[in-house]
Amino acid sequence: ATILAVTFYLLLFSTMGSSASSHDNTIPPLLEAQDGQELATFAGGCFWGFELYFRRIPGVVDTQAGYAQGHVENPTYEQVCGARSGHTEAVQVLFNPNQVSYGELLTAFWTRINPTQKNGQGNDRGPQYRTGIYTHSDEQLETANASLQQVRGRYSEVHTEVEPMTCFYAAEEYHQRYLVKGGQSDRKNSKETIRCYG
C-alpha cells in the first residue's frame, strides 16, 4: 500500500464528508487453522493486491493482511509504512491442503512477484515491501527452501527471504479485503485484472 494510495483514500473520504477518523482501525482476530487446515504467510509488496490474488485460489479458505517479521509489538500502519518497525506487509493464508498444497501456493507466490527486486515490488519501495516466505513448520521451511533453490537457478540474483515466521500482526480492519470492498471480485479462479487502488 503506497503513500499515494493512502492519500487518495483519505481524499475520497473527505469528499464524502468523512475524515480519517472514519477508518475502521480496529484490529481483527488472527486467523486460526481448524479441522486439518493450515496457515501460510507470504510477503509480496503491497498487501492489498496480494491478498486478493490469494483469495481467488481454490482451496484458500480465508486471508488476512498484516505485518510480519518486525521488532515492534502491535505496530500501526503508519509505523510499518514509514519503515520504522522492521515489518514487511504480508498476507496470511488459511488453506485446505486437501484442495491446494503448500507447494502450489509457493508456485502461485513466485508467479506473482519479481524475486530479483530488492526491498520493493514495482513502484512500492522500501524494506516494508520486501518479499518473503515465512514458514509455520519445519516441513514448510524445507519445501520453501527447495522452491527457493529452483528459483535461484533461473535468476542471477534473488532477494526473497525464506525464514521461520517470528511474528505476525493483523493489519487494521480497513486494510482487510481492501480491494474487495472497492468492488473487485475475489471469486475463485477469477481472471479479472487486479487494480491496485480498487
# chains A, B, ... in the order shown; residues from 1 in each chain; ligands from 1
$ residues_around --residues "Gln37 in chain A" --least-positions-apart "4" --cutoff "8 Å" --atoms "only C-alpha atoms" --output "list in words"
Ala33, Leu94, Phe95, Asn96 and Pro97 of chain A
$ write_last_selection --atoms "all heavy atoms" --output "PDB file, in the first residue's frame"
ATOM      1  N   ALA A  33      -6.146 -22.024  12.273  1.00  0.00           N
ATOM      2  CA  ALA A  33      -6.351 -23.235  11.485  1.00  0.00           C
ATOM      3  C   ALA A  33      -7.154 -24.252  12.293  1.00  0.00           C
ATOM      4  O   ALA A  33      -6.870 -24.486  13.461  1.00  0.00           O
ATOM      5  CB  ALA A  33      -5.014 -23.823  11.083  1.00  0.00           C
ATOM      6  N   LEU A  94      -5.070 -18.939   5.035  1.00  0.00           N
ATOM      7  CA  LEU A  94      -5.638 -20.138   5.647  1.00  0.00           C
ATOM      8  C   LEU A  94      -6.125 -21.026   4.506  1.00  0.00           C
ATOM      9  O   LEU A  94      -6.937 -20.591   3.686  1.00  0.00           O
ATOM     10  CB  LEU A  94      -6.802 -19.756   6.565  1.00  0.00           C
ATOM     11  CG  LEU A  94      -7.523 -20.892   7.297  1.00  0.00           C
ATOM     12  CD1 LEU A  94      -6.591 -21.580   8.288  1.00  0.00           C
ATOM     13  CD2 LEU A  94      -8.763 -20.357   8.011  1.00  0.00           C
ATOM     14  N   PHE A  95      -5.603 -22.259   4.444  1.00  0.00           N
ATOM     15  CA  PHE A  95      -5.934 -23.097   3.297  1.00  0.00           C
ATOM     16  C   PHE A  95      -6.214 -24.538   3.697  1.00  0.00           C
ATOM     17  O   PHE A  95      -5.818 -24.995   4.773  1.00  0.00           O
ATOM     18  CB  PHE A  95      -4.815 -23.044   2.252  1.00  0.00           C
ATOM     19  CG  PHE A  95      -3.507 -23.683   2.683  1.00  0.00           C
ATOM     20  CD1 PHE A  95      -3.151 -24.954   2.256  1.00  0.00           C
ATOM     21  CD2 PHE A  95      -2.607 -22.995   3.497  1.00  0.00           C
ATOM     22  CE1 PHE A  95      -1.950 -25.540   2.635  1.00  0.00           C
ATOM     23  CE2 PHE A  95      -1.404 -23.566   3.882  1.00  0.00           C
ATOM     24  CZ  PHE A  95      -1.068 -24.846   3.453  1.00  0.00           C
ATOM     25  N   ASN A  96      -6.919 -25.213   2.807  1.00  0.00           N
ATOM     26  CA  ASN A  96      -7.241 -26.631   2.971  1.00  0.00           C
ATOM     27  C   ASN A  96      -6.256 -27.431   2.128  1.00  0.00           C
ATOM     28  O   ASN A  96      -6.325 -27.411   0.893  1.00  0.00           O
ATOM     29  CB  ASN A  96      -8.666 -26.896   2.505  1.00  0.00           C
ATOM     30  CG  ASN A  96      -9.092 -28.348   2.697  1.00  0.00           C
ATOM     31  OD1 ASN A  96      -8.255 -29.238   2.865  1.00  0.00           O
ATOM     32  ND2 ASN A  96     -10.392 -28.594   2.662  1.00  0.00           N
ATOM     33  N   PRO A  97      -5.306 -28.133   2.754  1.00  0.00           N
ATOM     34  CA  PRO A  97      -4.281 -28.846   1.986  1.00  0.00           C
ATOM     35  C   PRO A  97      -4.826 -30.006   1.151  1.00  0.00           C
ATOM     36  O   PRO A  97      -4.120 -30.520   0.288  1.00  0.00           O
ATOM     37  CB  PRO A  97      -3.317 -29.343   3.070  1.00  0.00           C
ATOM     38  CG  PRO A  97      -4.135 -29.400   4.315  1.00  0.00           C
ATOM     39  CD  PRO A  97      -5.126 -28.276   4.201  1.00  0.00           C
TER      40      PRO A  97
END
$ select_by_dssp --residues "range 114-185 of chain A" --states "strand (DSSP E)" --output "MDAnalysis selection string"
chainID A and resid 120:121 124:125 131:135 161:164 168:170
$ atom_distance --atom1 "CA of Glu172 in chain A" --atom2 "CA of Pro75 in chain A"
9.9 Å
$ residues_around --residues "Thr135 in chain A" --least-positions-apart "2" --cutoff "12 Å" --atoms "only C-alpha atoms" --output "VMD selection string"
chain A and resid 38 to 43 68 to 69 92 to 93 102 106 132 to 133 137 to 145 161 to 168
$ atom_distance --atom1 "CA of Arg154 in chain A" --atom2 "CA of Cys196 in chain A"
27.7 Å
$ residues_around --residues "Tyr155 in chain A" --least-positions-apart "4" --cutoff "10 Å" --atoms "only C-alpha atoms" --output "short mmCIF file (atom, residue, chain, number, x, y, z; two decimals) with N, CA and C atoms, in the first residue's frame"
data_model
loop_
_atom_site.label_atom_id
_atom_site.label_comp_id
_atom_site.auth_asym_id
_atom_site.auth_seq_id
_atom_site.Cartn_x
_atom_site.Cartn_y
_atom_site.Cartn_z
N PRO A 115 11.23 -11.68 -7.91
CA PRO A 115 12.17 -12.01 -6.84
C PRO A 115 13.52 -11.31 -6.97
N THR A 116 13.77 -10.67 -8.11
CA THR A 116 15.05 -10.00 -8.31
C THR A 116 15.06 -8.58 -7.77
N GLN A 150 15.17 -23.65 -6.62
CA GLN A 150 14.73 -23.74 -8.02
C GLN A 150 14.69 -22.36 -8.65
N VAL A 151 14.18 -21.38 -7.92
CA VAL A 151 14.10 -20.01 -8.45
C VAL A 151 15.50 -19.43 -8.65
#
$ atom_distance --atom1 "CA of Lys118 in chain A" --atom2 "CA of Gly86 in chain A"
15.0 Å
